[in-house]
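Engineer: Structure supplied as upload_27.cif; contents: mmCIF, C-alpha atoms and all ligand atoms.
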data_data
#
loop_
_atom_site.label_atom_id
_atom_site.label_comp_id
_atom_site.auth_asym_id
_atom_site.auth_seq_id
_atom_site.Cartn_x
_atom_site.Cartn_y
_atom_site.Cartn_z
CA MET J 1 0.00 0.00 0.00
CA LYS J 2 1.21 3.51 -0.80
CA ASP J 3 2.36 5.76 2.03
CA ILE J 4 0.00 8.58 2.94
CA ARG J 5 2.05 11.71 3.46
CA VAL J 6 1.09 14.46 5.87
CA SER J 7 1.21 16.94 3.01
CA GLN J 8 1.72 16.68 -0.70
CA PRO J 9 2.05 19.55 -3.18
CA ASP J 10 -0.91 20.22 -5.43
CA MET J 11 0.49 20.59 -8.95
CA PRO J 12 -1.21 21.85 -12.13
CA PRO J 13 -1.10 19.80 -15.35
CA LEU J 14 2.46 19.97 -16.72
CA ASP J 15 1.34 20.84 -20.25
CA GLU J 16 -0.31 24.00 -18.90
CA PHE J 17 3.05 25.15 -17.57
CA LEU J 18 4.85 24.79 -20.89
CA PRO J 19 3.47 28.01 -22.49
CA TYR J 20 4.76 29.94 -19.47
CA LEU J 21 8.21 28.41 -19.97
CA GLU J 22 8.14 29.28 -23.66
CA LYS J 23 7.50 32.91 -22.74
CA ILE J 24 10.39 32.92 -20.26
CA TRP J 25 12.70 31.43 -22.90
CA ALA J 26 11.56 33.96 -25.50
CA ARG J 27 11.90 36.96 -23.20
CA ARG J 28 15.29 36.01 -21.77
CA TRP J 29 14.27 37.83 -18.57
CA LEU J 30 14.65 35.43 -15.65
CA THR J 31 14.43 37.53 -12.50
CA ASN J 32 14.61 41.19 -11.32
CA ASN J 33 10.94 42.16 -11.39
CA GLY J 34 10.12 40.46 -14.69
CA GLU J 35 6.69 40.44 -16.34
CA PHE J 36 5.48 37.28 -14.59
CA HIS J 37 6.68 38.68 -11.28
CA GLN J 38 4.69 41.90 -11.76
CA GLU J 39 1.62 39.98 -12.90
CA PHE J 40 1.84 37.49 -10.04
CA GLU J 41 2.36 40.17 -7.37
CA GLN J 42 -0.81 41.92 -8.54
CA ALA J 43 -2.73 38.63 -8.83
CA ILE J 44 -1.79 37.70 -5.27
CA ALA J 45 -2.85 41.11 -3.96
CA ASP J 46 -6.20 40.73 -5.75
CA TYR J 47 -6.76 37.14 -4.64
CA LEU J 48 -5.85 37.83 -1.03
CA ASP J 49 -7.65 41.18 -0.99
CA VAL J 50 -4.67 43.07 0.47
CA PRO J 51 -3.12 46.15 -1.16
CA HIS J 52 0.61 45.93 -0.41
CA VAL J 53 2.21 42.63 -1.39
CA SER J 54 5.94 42.02 -1.90
CA LEU J 55 6.92 38.63 -3.29
CA VAL J 56 10.12 37.10 -1.93
CA THR J 57 12.21 33.93 -2.18
CA ASN J 58 10.73 32.14 0.82
CA GLY J 59 8.84 32.68 4.07
CA THR J 60 11.97 32.80 6.20
CA LEU J 61 13.40 35.73 4.23
CA ALA J 62 9.95 37.33 4.42
CA LEU J 63 10.24 37.23 8.22
CA LEU J 64 13.81 38.57 8.17
CA LEU J 65 12.85 41.48 5.93
CA ALA J 66 9.66 42.34 7.82
CA ILE J 67 11.74 42.67 11.00
CA GLN J 68 14.38 44.74 9.15
CA ALA J 69 11.73 47.01 7.65
CA LEU J 70 10.39 47.83 11.11
CA GLU J 71 13.93 48.45 12.43
CA ILE J 72 13.38 46.29 15.47
CA LYS J 73 16.14 45.71 18.04
CA GLY J 74 16.50 44.32 21.57
CA GLU J 75 13.90 41.74 22.62
CA VAL J 76 10.82 40.49 20.81
CA ILE J 77 8.06 38.50 22.48
CA THR J 78 7.11 35.44 20.50
CA THR J 79 5.58 32.00 20.72
CA PRO J 80 7.49 28.79 21.36
CA TYR J 81 4.77 26.86 19.50
CA SER J 82 5.78 27.33 15.86
CA PHE J 83 8.18 26.27 13.15
CA VAL J 84 11.79 27.04 13.99
CA ALA J 85 12.03 29.79 11.33
CA THR J 86 9.97 32.08 13.61
CA PRO J 87 12.55 32.57 16.41
CA HIS J 88 15.48 32.01 14.02
CA SER J 89 14.37 35.13 12.12
CA LEU J 90 14.89 37.09 15.34
CA LEU J 91 18.36 35.64 15.96
CA TRP J 92 19.36 36.50 12.37
CA ASN J 93 18.43 40.10 13.17
CA GLY J 94 20.47 40.10 16.40
CA ILE J 95 17.27 40.12 18.50
CA GLU J 96 16.66 38.03 21.62
CA PRO J 97 13.46 35.98 21.45
CA VAL J 98 11.38 36.09 24.62
CA PHE J 99 8.93 33.22 24.74
CA ALA J 100 5.44 33.73 26.15
CA ASP J 101 2.85 31.01 26.66
CA ILE J 102 0.02 30.30 24.24
CA SER J 103 -3.71 29.97 24.68
CA ALA J 104 -5.26 26.51 24.31
CA GLU J 105 -8.09 28.06 22.25
CA THR J 106 -6.04 29.85 19.60
CA PHE J 107 -2.74 27.87 19.64
CA SER J 108 -1.22 31.39 19.47
CA LEU J 109 0.14 33.85 22.03
CA ASP J 110 -1.89 34.34 25.19
CA VAL J 111 -2.28 38.12 25.51
CA LYS J 112 -2.01 38.02 29.33
CA CYS J 113 1.31 36.17 29.11
CA VAL J 114 2.61 38.61 26.50
CA GLU J 115 1.74 41.53 28.76
CA GLN J 116 3.58 39.94 31.70
CA ALA J 117 6.69 39.45 29.52
CA ILE J 118 6.97 43.11 28.42
CA THR J 119 10.12 44.86 29.71
CA ALA J 120 11.91 48.09 28.85
CA ARG J 121 13.86 46.15 26.18
CA THR J 122 10.78 44.79 24.41
CA SER J 123 10.59 46.20 20.90
CA ALA J 124 7.86 44.17 19.16
CA ILE J 125 5.49 41.21 19.28
CA LEU J 126 5.89 38.38 16.77
CA ALA J 127 2.77 36.21 16.82
CA VAL J 128 1.94 33.18 14.67
CA HIS J 129 -1.53 32.34 13.33
CA CYS J 130 -0.72 28.68 13.86
CA TYR J 131 -2.40 26.24 11.41
CA GLY J 132 -4.10 29.35 10.03
CA PHE J 133 -6.23 29.69 13.19
CA PRO J 134 -6.48 33.41 14.02
CA SER J 135 -4.56 34.73 17.01
CA ASP J 136 -6.38 36.94 19.52
CA ILE J 137 -6.39 39.82 17.02
CA ASP J 138 -8.17 42.37 19.23
CA GLY J 139 -6.19 41.52 22.36
CA LEU J 140 -2.84 41.74 20.57
CA ARG J 141 -3.79 44.92 18.73
CA SER J 142 -4.84 46.67 21.91
CA LEU J 143 -1.69 45.51 23.74
CA SER J 144 0.57 46.61 20.89
CA GLU J 145 -1.14 50.03 20.75
CA ARG J 146 -1.01 50.56 24.50
CA HIS J 147 2.70 49.76 24.68
CA GLY J 148 3.68 51.21 21.30
CA LEU J 149 5.01 47.85 20.11
CA PRO J 150 4.89 46.88 16.43
CA LEU J 151 2.90 43.70 15.78
CA ILE J 152 4.23 41.18 13.27
CA TYR J 153 2.23 38.15 12.23
CA ASP J 154 3.96 35.04 10.97
CA ALA J 155 1.06 34.03 8.75
CA ALA J 156 2.94 31.29 6.89
CA HIS J 157 -0.15 29.05 7.16
CA CYS J 158 -2.74 31.68 6.25
CA PHE J 159 -3.08 31.74 2.49
CA GLY J 160 -6.64 32.83 1.72
CA GLN J 161 -7.78 32.83 5.37
CA ARG J 162 -10.54 35.36 6.03
CA THR J 163 -12.19 36.59 9.18
CA ARG J 164 -14.72 39.37 9.91
CA GLY J 165 -15.16 39.98 6.19
CA GLN J 166 -11.49 40.68 5.54
CA SER J 167 -8.20 38.93 4.98
CA LEU J 168 -6.52 37.59 8.11
CA LEU J 169 -3.38 39.10 6.59
CA SER J 170 -4.73 42.62 6.98
CA PHE J 171 -4.19 42.73 10.76
CA GLY J 172 -1.00 43.90 12.50
CA ASP J 173 1.77 46.06 11.06
CA VAL J 174 2.97 43.34 8.75
CA SER J 175 2.18 39.70 7.94
CA VAL J 176 4.30 37.15 6.15
CA LEU J 177 3.30 34.18 4.03
CA SER J 178 5.20 31.07 2.97
CA PHE J 179 4.71 29.48 -0.46
CA HIS J 180 6.79 26.44 0.48
CA ALA J 181 5.95 23.14 -1.23
CA THR J 182 4.18 21.87 1.91
CA LYS J 183 1.77 24.80 2.00
CA VAL J 184 -1.80 25.06 0.65
CA PHE J 185 -0.53 27.36 -2.08
CA HIS J 186 3.07 26.95 -3.19
CA THR J 187 5.64 28.07 -5.74
CA PHE J 188 8.09 25.23 -4.86
CA GLU J 189 9.77 27.75 -2.51
CA GLY J 190 8.49 31.28 -2.10
CA GLY J 191 6.85 33.77 0.18
CA ALA J 192 5.35 37.21 0.50
CA ILE J 193 5.30 40.17 2.84
CA ILE J 194 1.97 41.92 3.35
CA SER J 195 2.70 45.48 4.46
CA SER J 196 0.11 47.67 6.15
CA THR J 197 1.25 50.89 4.43
CA PRO J 198 2.65 51.83 1.00
CA GLU J 199 5.75 53.24 2.75
CA MET J 200 6.48 49.90 4.36
CA LYS J 201 6.01 48.08 1.06
CA GLN J 202 8.46 50.49 -0.57
CA ARG J 203 11.02 49.78 2.17
CA VAL J 204 10.55 46.02 1.83
CA ASP J 205 10.90 46.28 -1.94
CA TYR J 206 14.25 48.03 -1.53
CA LEU J 207 15.37 45.51 1.07
CA ARG J 208 14.57 42.47 -1.09
CA ASN J 209 16.72 43.85 -3.94
CA PHE J 210 20.04 44.91 -2.34
CA GLY J 211 18.58 48.35 -1.53
CA PHE J 212 18.46 49.42 -5.19
CA ALA J 213 16.16 52.40 -5.83
CA GLY J 214 17.50 52.98 -9.35
CA GLU J 215 20.27 51.83 -11.64
CA ILE J 216 23.04 53.38 -9.53
CA GLU J 217 21.13 54.46 -6.44
CA ILE J 218 21.32 52.28 -3.33
CA VAL J 219 19.20 53.49 -0.41
CA ASP J 220 19.31 50.65 2.10
CA LYS J 221 21.31 47.63 3.25
CA GLY J 222 19.24 45.22 1.21
CA ILE J 223 19.75 41.56 0.52
CA ASN J 224 18.81 39.30 -2.38
CA ALA J 225 15.33 37.97 -1.60
CA LYS J 226 13.82 38.26 -5.08
CA MET J 227 11.36 35.76 -6.50
CA ASN J 228 12.37 34.59 -9.99
CA GLU J 229 10.26 34.33 -13.14
CA MET J 230 9.94 30.54 -12.97
CA GLN J 231 8.41 30.69 -9.50
CA ALA J 232 6.18 33.63 -10.43
CA ALA J 233 4.93 31.90 -13.60
CA TYR J 234 4.24 28.72 -11.64
CA GLY J 235 2.41 30.78 -9.01
CA LEU J 236 0.16 32.36 -11.63
CA LEU J 237 -0.83 28.95 -12.91
CA GLN J 238 -1.17 27.47 -9.43
CA LEU J 239 -3.53 30.28 -8.47
CA LYS J 240 -6.08 28.95 -10.97
CA TYR J 241 -6.27 25.69 -9.04
CA VAL J 242 -6.06 26.81 -5.45
CA ASP J 243 -9.82 27.15 -4.83
CA ARG J 244 -10.39 23.62 -6.07
CA ALA J 245 -7.60 22.38 -3.79
CA ILE J 246 -9.07 24.18 -0.78
CA SER J 247 -12.56 22.85 -1.38
CA HIS J 248 -11.22 19.30 -1.63
CA ARG J 249 -9.36 19.83 1.65
CA ALA J 250 -12.61 21.08 3.21
CA GLN J 251 -14.33 17.83 2.23
CA MET J 252 -11.53 15.73 3.75
CA ASP J 253 -11.62 17.86 6.89
CA ALA J 254 -15.37 17.23 7.23
CA LEU J 255 -14.86 13.50 6.69
CA TYR J 256 -12.18 13.32 9.42
CA ARG J 257 -14.47 15.20 11.80
CA GLU J 258 -17.41 12.92 11.10
CA SER J 259 -15.33 9.74 11.34
CA LEU J 260 -13.54 10.76 14.54
CA ALA J 261 -16.57 12.26 16.28
CA ASP J 262 -17.12 9.14 18.43
CA VAL J 263 -13.45 8.68 19.36
CA SER J 264 -13.31 10.38 22.74
CA ALA J 265 -9.52 9.95 23.04
CA VAL J 266 -9.04 12.34 20.11
CA ALA J 267 -9.88 16.02 20.66
CA LEU J 268 -10.61 18.01 17.51
CA PRO J 269 -9.72 21.70 17.89
CA SER J 270 -12.57 23.82 16.66
CA ILE J 271 -12.04 26.27 13.83
CA ALA J 272 -12.35 29.66 15.42
CA ALA J 273 -14.14 32.58 13.84
CA LEU J 274 -13.14 32.14 10.21
CA ASP J 275 -15.22 33.24 7.21
CA ARG J 276 -12.95 31.19 5.00
CA HIS J 277 -10.63 28.40 6.04
CA ASN J 278 -7.87 26.95 3.87
CA HIS J 279 -7.65 23.64 5.80
CA SER J 280 -3.89 23.65 5.62
CA TYR J 281 -3.51 21.30 8.59
CA PHE J 282 -5.64 18.83 10.49
CA PRO J 283 -4.27 18.94 14.05
CA VAL J 284 -5.76 16.69 16.73
CA LEU J 285 -4.91 16.46 20.43
CA ILE J 286 -4.31 13.13 22.14
CA GLU J 287 -3.95 13.32 25.89
CA ASN J 288 -2.65 9.79 26.37
CA GLY J 289 -0.53 7.76 23.99
CA ARG J 290 0.21 10.34 21.27
CA ASP J 291 3.71 8.99 20.53
CA GLU J 292 2.59 5.34 20.44
CA LEU J 293 -0.15 6.29 17.98
CA TYR J 294 2.32 8.33 15.90
CA ARG J 295 4.59 5.27 15.63
CA ALA J 296 1.74 2.89 14.86
CA LEU J 297 0.55 5.18 12.06
CA LYS J 298 4.09 5.49 10.71
CA ASP J 299 4.58 1.70 10.78
CA SER J 300 1.41 1.39 8.68
CA GLY J 301 2.60 3.95 6.12
CA VAL J 302 0.70 6.97 7.47
CA LEU J 303 3.32 9.67 7.76
CA CYS J 304 1.70 12.15 10.11
CA ARG J 305 3.76 14.77 11.93
CA ARG J 306 3.85 16.16 15.46
CA TYR J 307 3.82 19.84 14.43
CA PHE J 308 5.03 21.61 16.60
CA TYR J 309 7.02 19.20 18.70
CA PRO J 310 9.56 19.57 20.19
CA LEU J 311 8.54 22.91 21.55
CA LEU J 312 11.08 25.50 20.35
CA SER J 313 11.87 26.59 23.92
CA ASN J 314 13.05 23.02 24.63
CA LEU J 315 15.57 22.94 21.77
CA ASP J 316 19.20 23.04 22.92
CA MET J 317 19.78 26.38 21.24
CA TYR J 318 16.83 28.10 22.98
CA ARG J 319 16.43 26.27 26.31
CA GLY J 320 19.03 28.51 28.06
CA LEU J 321 16.79 31.58 27.72
CA ALA J 322 15.11 32.63 30.96
CA SER J 323 11.76 32.73 29.15
CA ALA J 324 12.18 29.11 27.98
CA ALA J 325 11.65 27.57 31.45
CA ARG J 326 9.07 24.82 31.22
CA ASP J 327 7.03 26.06 34.17
CA LYS J 328 6.52 29.41 32.41
CA LEU J 329 5.06 27.76 29.33
CA PRO J 330 2.66 25.12 30.64
CA VAL J 331 0.05 25.33 27.86
CA ALA J 332 2.56 25.29 25.01
CA ASN J 333 4.38 22.31 26.55
CA ARG J 334 1.11 20.43 26.99
CA MET J 335 -0.06 21.11 23.45
CA ALA J 336 3.31 20.11 21.95
CA GLU J 337 3.11 16.80 23.81
CA GLN J 338 -0.44 16.06 22.63
CA VAL J 339 -0.61 17.33 19.07
CA LEU J 340 -0.62 15.20 15.96
CA CYS J 341 -1.22 16.57 12.47
CA LEU J 342 -3.06 14.03 10.35
CA PRO J 343 -2.50 13.88 6.58
CA MET J 344 -4.20 16.73 4.76
CA HIS J 345 -3.67 17.65 1.14
CA ALA J 346 -5.45 18.13 -2.16
CA GLU J 347 -4.88 14.55 -3.33
CA LEU J 348 -5.97 12.85 -0.14
CA THR J 349 -8.86 10.48 -0.82
CA ALA J 350 -11.82 9.39 1.28
CA SER J 351 -10.30 5.93 1.49
CA ASP J 352 -7.02 7.42 2.75
CA VAL J 353 -8.98 9.17 5.50
CA GLN J 354 -10.75 5.92 6.38
CA ARG J 355 -7.41 4.11 6.52
CA VAL J 356 -5.99 6.73 8.91
CA VAL J 357 -9.13 6.69 11.07
CA SER J 358 -9.25 2.90 11.28
CA ILE J 359 -5.66 2.76 12.60
CA ILE J 360 -6.50 5.47 15.15
CA LYS J 361 -9.57 3.52 16.28
CA LYS J 362 -7.60 0.27 16.52
CA GLU J 363 -4.95 1.95 18.68
CA LEU J 364 -7.11 4.17 20.88
CA VAL J 365 -10.56 2.64 21.25
C1 LIG T 1 5.05 29.13 10.96
C2 LIG T 1 6.10 29.14 9.88
N1 LIG T 1 6.90 30.21 9.76
C3 LIG T 1 7.84 30.29 8.81
C4 LIG T 1 8.03 29.26 7.91
C5 LIG T 1 9.14 29.38 6.90
O1 LIG T 1 8.70 29.43 5.60
P1 LIG T 1 9.66 28.96 4.40
O2 LIG T 1 9.80 27.48 4.49
O3 LIG T 1 8.91 29.39 3.18
O4 LIG T 1 10.96 29.66 4.54
C6 LIG T 1 7.21 28.11 7.99
C7 LIG T 1 7.27 26.96 7.09
O5 LIG T 1 7.98 26.55 6.32
C8 LIG T 1 6.23 28.04 9.00
O6 LIG T 1 5.45 26.97 9.14
#
Can the structure from this file be put into structure tokens for me?

Structural biologist:
Amino acid sequence: MKDIRVSQPDMPPLDEFLPYLEKIWARRWLTNNGEFHQEFEQAIADYLDVPHVSLVTNGTLALLLAIQALEIKGEVITTPYSFVATPHSLLWNGIEPVFADISAETFSLDVKCVEQAITARTSAILAVHCYGFPSDIDGLRSLSERHGLPLIYDAAHCFGQRTRGQSLLSFGDVSVLSFHATKVFHTFEGGAIISSTPEMKQRVDYLRNFGFAGEIEIVDKGINAKMNEMQAAYGLLQLKYVDRAISHRAQMDALYRESLADVSAVALPSIAALDRHNHSYFPVLIENGRDELYRALKDSGVLCRRYFYPLLSNLDMYRGLASAARDKLPVANRMAEQVLCLPMHAELTASDVQRVVSIIKKELV
């Protein structure tokens, strides 16, 4: 039997990509704000319903540049419950991450814990809309306004997420997306920065291209974070298929929920306050026996993942921080020890879901 992977890239028909390649070959313009890049940047802004989009090479560089654009220094309060790129982006900017605990409802920063962690050195808040579930948007906004702290959202999982009639990416000072191959929408590798003002977009655009403002004018200490024409062309094509992929994921999500409804050992986090959900992940919580189940699934060819375990604050490189102490992060530690992300992708079938569920039932019921 074929392995069922936790995620699998949705890919358009190859023959539909060939005309894009022919254009790239004919134009001999491979990167540096080419025609596909311009077209794709506008198409993404339209699709996501956000005005200021800057395409970049990947989500990690998007985080690095967002932090640079806001000129943040000192300490930044962030979540330990994320992918390692989140705190790494702070280290790469010479900033000390300060971990605060998360809320069991949102899987994102608990506003009370963020407030307690604020010191004179705090310069920003870096929150993650984990699995695309919205953070406490109002709580974080009011805290950031009261303390004058910029609010950055790592929205790597949030392609197309909408809440309260608007894009989830329109909250905070800046949000970043990842278009990595494992994401709902991908360009093999890729990412984007969603700025809240045209001035910030301009700054990010300089930063992603060595600081060039003209042929011989360099206005900032930029880096090379440009998306190339191949990725942009692929993204344009991929965009035509993303709604279909999301609606298939929604069906698989509903099937998991229905099939697992009577399995009391598996808690299904509810989808908070979303007008539109991209179903990028299907996380479940298992209070007892998560690791045994993970291994049983793996032995049967179901390659689920324990995102996000180990908790970042428990990694050797972060555990020495005062904010990483286990007793300060009880909720995040508990969630990391219980979570299991079941396979979820656009090619998952109903029989795959039944196979996963039957192993879970055999192990836990
Ligand atoms: C929460 C989070 N932040 C940042 C990243 C980094 O994105 P990329 O892989 O595109 O660099 C990822 C995933 O890859 C992620 O899941």

Engineer: Give as a list in words the residues surrounding ligand LIG 1 (chain T) up to a distance of 7 Å, considering all atoms listed in the file.

Structural biologist: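 For ligand LIG 1 (chain T), the residues inside 7 Å are Asn58, Gly59, Thr60, Leu61, Ser82, Phe83, Ala85, Thr86, Val128, Cys130, Asp154, Ala155, Ala156, His157, Ser178, Phe179, His180, Glu189, Gly190 and Gly191 of chain J.
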
Engineer: Of the candidates J:Ser108, J:Thr119, J:Asn93, J:Asn314, which one gets nearest to Tyr131 of chain J if we count only C-alpha atoms?

Structural biologist: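 The shortest atom-to-atom distance to Tyr131 of chain J comes from J:Ser108.
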
Engineer: Check which residues of segment 73-110 of chain J sit at most 10 Å from segment 330-338 of chain J using only C-alpha atoms, and return one row each with the closest pair of atoms and their distance in Å to one decimal, ordered by chain and rising number, as a tab-separated table.

Structural biologist:
residue	atom	partner	partner_atom	distance
J:Thr79	CA	J:Ala332	CA	8.5
J:Pro80	CA	J:Ala332	CA	7.1
J:Tyr81	CA	J:Ala332	CA	6.1
J:Ser82	CA	J:Ala336	CA	9.8
J:Ala100	CA	J:Ala332	CA	9.0
J:Asp101	CA	J:Ala332	CA	6.0
J:Ile102	CA	J:Ala332	CA	5.7
J:Ser103	CA	J:Val331	CA	6.8
J:Ala104	CA	J:Val331	CA	6.5
J:Phe107	CA	J:Ala332	CA	8.0
J:Ser108	CA	J:Ala332	CA	9.1
J:Leu109	CA	J:Ala332	CA	9.4
J:Asp110	CA	J:Val331	CA	9.6

Engineer: For the selection you just gave me, I'd like the residues written to a file as a compact mmCIF listing (two decimals), keeping the file's coordinate frame, keeping C-alpha atoms.

Structural biologist:
# COMPACT_ATOMS: atom_id res chain seq x y z
CA THR J 79 5.58 32.00 20.72
CA PRO J 80 7.49 28.79 21.36
CA TYR J 81 4.77 26.86 19.50
CA SER J 82 5.78 27.33 15.86
CA ALA J 100 5.44 33.73 26.15
CA ASP J 101 2.85 31.01 26.66
CA ILE J 102 0.02 30.30 24.24
CA SER J 103 -3.71 29.97 24.68
CA ALA J 104 -5.26 26.51 24.31
CA PHE J 107 -2.74 27.87 19.64
CA SER J 108 -1.22 31.39 19.47
CA LEU J 109 0.14 33.85 22.03
CA ASP J 110 -1.89 34.34 25.19

Engineer: Quick one: distance from atom CA of Arg305 of chain J to atom CA of Cys341 of chain J in Å, one decimal?

Structural biologist: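 Atom CA of Cys341 of chain J lies 5.3 Å from atom CA of Arg305 of chain J.
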
Engineer: Calculate, to one decimal in Å, the centre and edge lengths of the box along x, y and z of the file that holds all listed atoms of segment 348-359 of chain J with 3 Å of margin on each side, and present them as JSON.

Structural biologist:
{"center_x": -8.7, "center_y": 7.8, "center_z": 5.9, "size_x": 12.2, "size_y": 16.1, "size_z": 19.4}

Engineer: Tell me which of J:Ser170, J:Lys362, J:His279, J:Gly235 sits closest to Ala265 of chain J, counting all atoms listed in the file.

Structural biologist: J:Lys362

Engineer: Report, in Å to a single decimal, how far apart atom CA of Arg27 of chain J and atom CA of Gly211 of chain J are.

Structural biologist: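 So the two atoms, atom CA of Gly211 of chain J and atom CA of Arg27 of chain J, lie 25.4 Å apart.
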
Engineer: Tell me, in Å to one decimal, how far atom CA of Glu215 of chain J is from atom CA of Ser175 of chain J.

Structural biologist: 29.3 Å

Engineer: Which one is closest to Gly132 of chain J: J:Leu151, J:Leu169, J:Val353, J:Ile77? Count all atoms listed in the file.

Structural biologist: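 Distance minimum relative to Gly132 of chain J lands on J:Leu169.
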
Engineer: Of the candidates J:His277, J:Arg121, J:Arg295, J:Arg208, which shows the shortest atom-to-atom distance to Gln161 of chain J, using only C-alpha atoms?

Structural biologist: J:His277

Engineer: Point out the residue among J:Phe99, J:Gln68, J:Ala192, J:Leu91 with the least atom-to-atom distance to Asp327 of chain J, counting all atoms listed in the file.

Structural biologist: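 Counting all atoms listed in the file, the residue closest to Asp327 of chain J is J:Phe99.
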
Engineer: List as a list in words the protein and nucleic acid residues near segment 221-224 of chain J, meaning an atom at most 9 Å away when all atoms listed in the file are counted, but skip any in the same chain fewer than 6 places from it.

Structural biologist: Val56, Thr57, Leu65, Val204, Asp205, Tyr206, Leu207, Arg208, Asn209, Phe210, Gly211 and Phe212 of chain J

Engineer: Take the residues from that selection and write them out as a PDB file, in the frame of the given file, keeping C-alpha atoms.

Structural biologist:
ATOM      1  CA  VAL J  56      10.120  37.100  -1.930  1.00  0.00           C
ATOM      2  CA  THR J  57      12.210  33.930  -2.180  1.00  0.00           C
ATOM      3  CA  LEU J  65      12.850  41.480   5.930  1.00  0.00           C
ATOM      4  CA  VAL J 204      10.550  46.020   1.830  1.00  0.00           C
ATOM      5  CA  ASP J 205      10.900  46.280  -1.940  1.00  0.00           C
ATOM      6  CA  TYR J 206      14.250  48.030  -1.530  1.00  0.00           C
ATOM      7  CA  LEU J 207      15.370  45.510   1.070  1.00  0.00           C
ATOM      8  CA  ARG J 208      14.570  42.470  -1.090  1.00  0.00           C
ATOM      9  CA  ASN J 209      16.720  43.850  -3.940  1.00  0.00           C
ATOM     10  CA  PHE J 210      20.040  44.910  -2.340  1.00  0.00           C
ATOM     11  CA  GLY J 211      18.580  48.350  -1.530  1.00  0.00           C
ATOM     12  CA  PHE J 212      18.460  49.420  -5.190  1.00  0.00           C
TER      13      PHE J 212
END

Engineer: Write out as a short mmCIF file (atom, residue, chain, number, x, y, z; two decimals) with C-alpha atoms, in the coordinates of the input each polymer residue whose atoms come within 12 Å of Ile271 of chain J, counting only C-alpha atoms; drop sequence neighbours fewer than 5 positions from it.

Structural biologist:
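In the end it all went to out-v3.cif:
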data_model
loop_
_atom_site.label_atom_id
_atom_site.label_comp_id
_atom_site.auth_asym_id
_atom_site.auth_seq_id
_atom_site.Cartn_x
_atom_site.Cartn_y
_atom_site.Cartn_z
CA GLU J 105 -8.09 28.06 22.25
CA THR J 106 -6.04 29.85 19.60
CA PHE J 107 -2.74 27.87 19.64
CA CYS J 130 -0.72 28.68 13.86
CA TYR J 131 -2.40 26.24 11.41
CA GLY J 132 -4.10 29.35 10.03
CA PHE J 133 -6.23 29.69 13.19
CA PRO J 134 -6.48 33.41 14.02
CA SER J 135 -4.56 34.73 17.01
CA GLN J 161 -7.78 32.83 5.37
CA THR J 163 -12.19 36.59 9.18
CA ALA J 250 -12.61 21.08 3.21
CA ASP J 253 -11.62 17.86 6.89
CA ALA J 254 -15.37 17.23 7.23
CA ARG J 257 -14.47 15.20 11.80
CA ARG J 276 -12.95 31.19 5.00
CA HIS J 277 -10.63 28.40 6.04
CA ASN J 278 -7.87 26.95 3.87
CA HIS J 279 -7.65 23.64 5.80
CA SER J 280 -3.89 23.65 5.62
CA TYR J 281 -3.51 21.30 8.59
CA PHE J 282 -5.64 18.83 10.49
CA PRO J 283 -4.27 18.94 14.05
CA VAL J 284 -5.76 16.69 16.73
#

Engineer: Counting all atoms listed in the file, note down every residue that has an atom within 6 Å of the point (2.4, 39.0, 15.3) (file coordinates), as a PyMOL selection string.

Structural biologist: chain J and resi 125-128+151-153

Engineer: Name the residues in contact with Ala296 of chain J at a cut-off of 10 Å, using all atoms listed in the file, excluding same-chain residues fewer than 4 positions from it; report them as number ranges by chain.

Structural biologist: J: 290-292, 300-303, 359-360, 362-363

Engineer: Keeping only C-alpha atoms, write the selected residues as an mmCIF file, keeping the file's coordinate frame.

Structural biologist:
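Output file part.cif follows:
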data_model
loop_
_atom_site.group_PDB
_atom_site.id
_atom_site.type_symbol
_atom_site.label_atom_id
_atom_site.label_comp_id
_atom_site.auth_asym_id
_atom_site.auth_seq_id
_atom_site.Cartn_x
_atom_site.Cartn_y
_atom_site.Cartn_z
ATOM 1 C CA ARG J 290 0.210 10.340 21.270
ATOM 2 C CA ASP J 291 3.710 8.990 20.530
ATOM 3 C CA GLU J 292 2.590 5.340 20.440
ATOM 4 C CA SER J 300 1.410 1.390 8.680
ATOM 5 C CA GLY J 301 2.600 3.950 6.120
ATOM 6 C CA VAL J 302 0.700 6.970 7.470
ATOM 7 C CA LEU J 303 3.320 9.670 7.760
ATOM 8 C CA ILE J 359 -5.660 2.760 12.600
ATOM 9 C CA ILE J 360 -6.500 5.470 15.150
ATOM 10 C CA LYS J 362 -7.600 0.270 16.520
ATOM 11 C CA GLU J 363 -4.950 1.950 18.680
#

Engineer: Rank nothing, just name the residue among J:Lys226, J:Lys361, J:Arg141, J:Lys201 nearest to Ala261 of chain J, using all atoms listed in the file.

Structural biologist: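 So, comparing all the options, the nearest one is J:Lys361.
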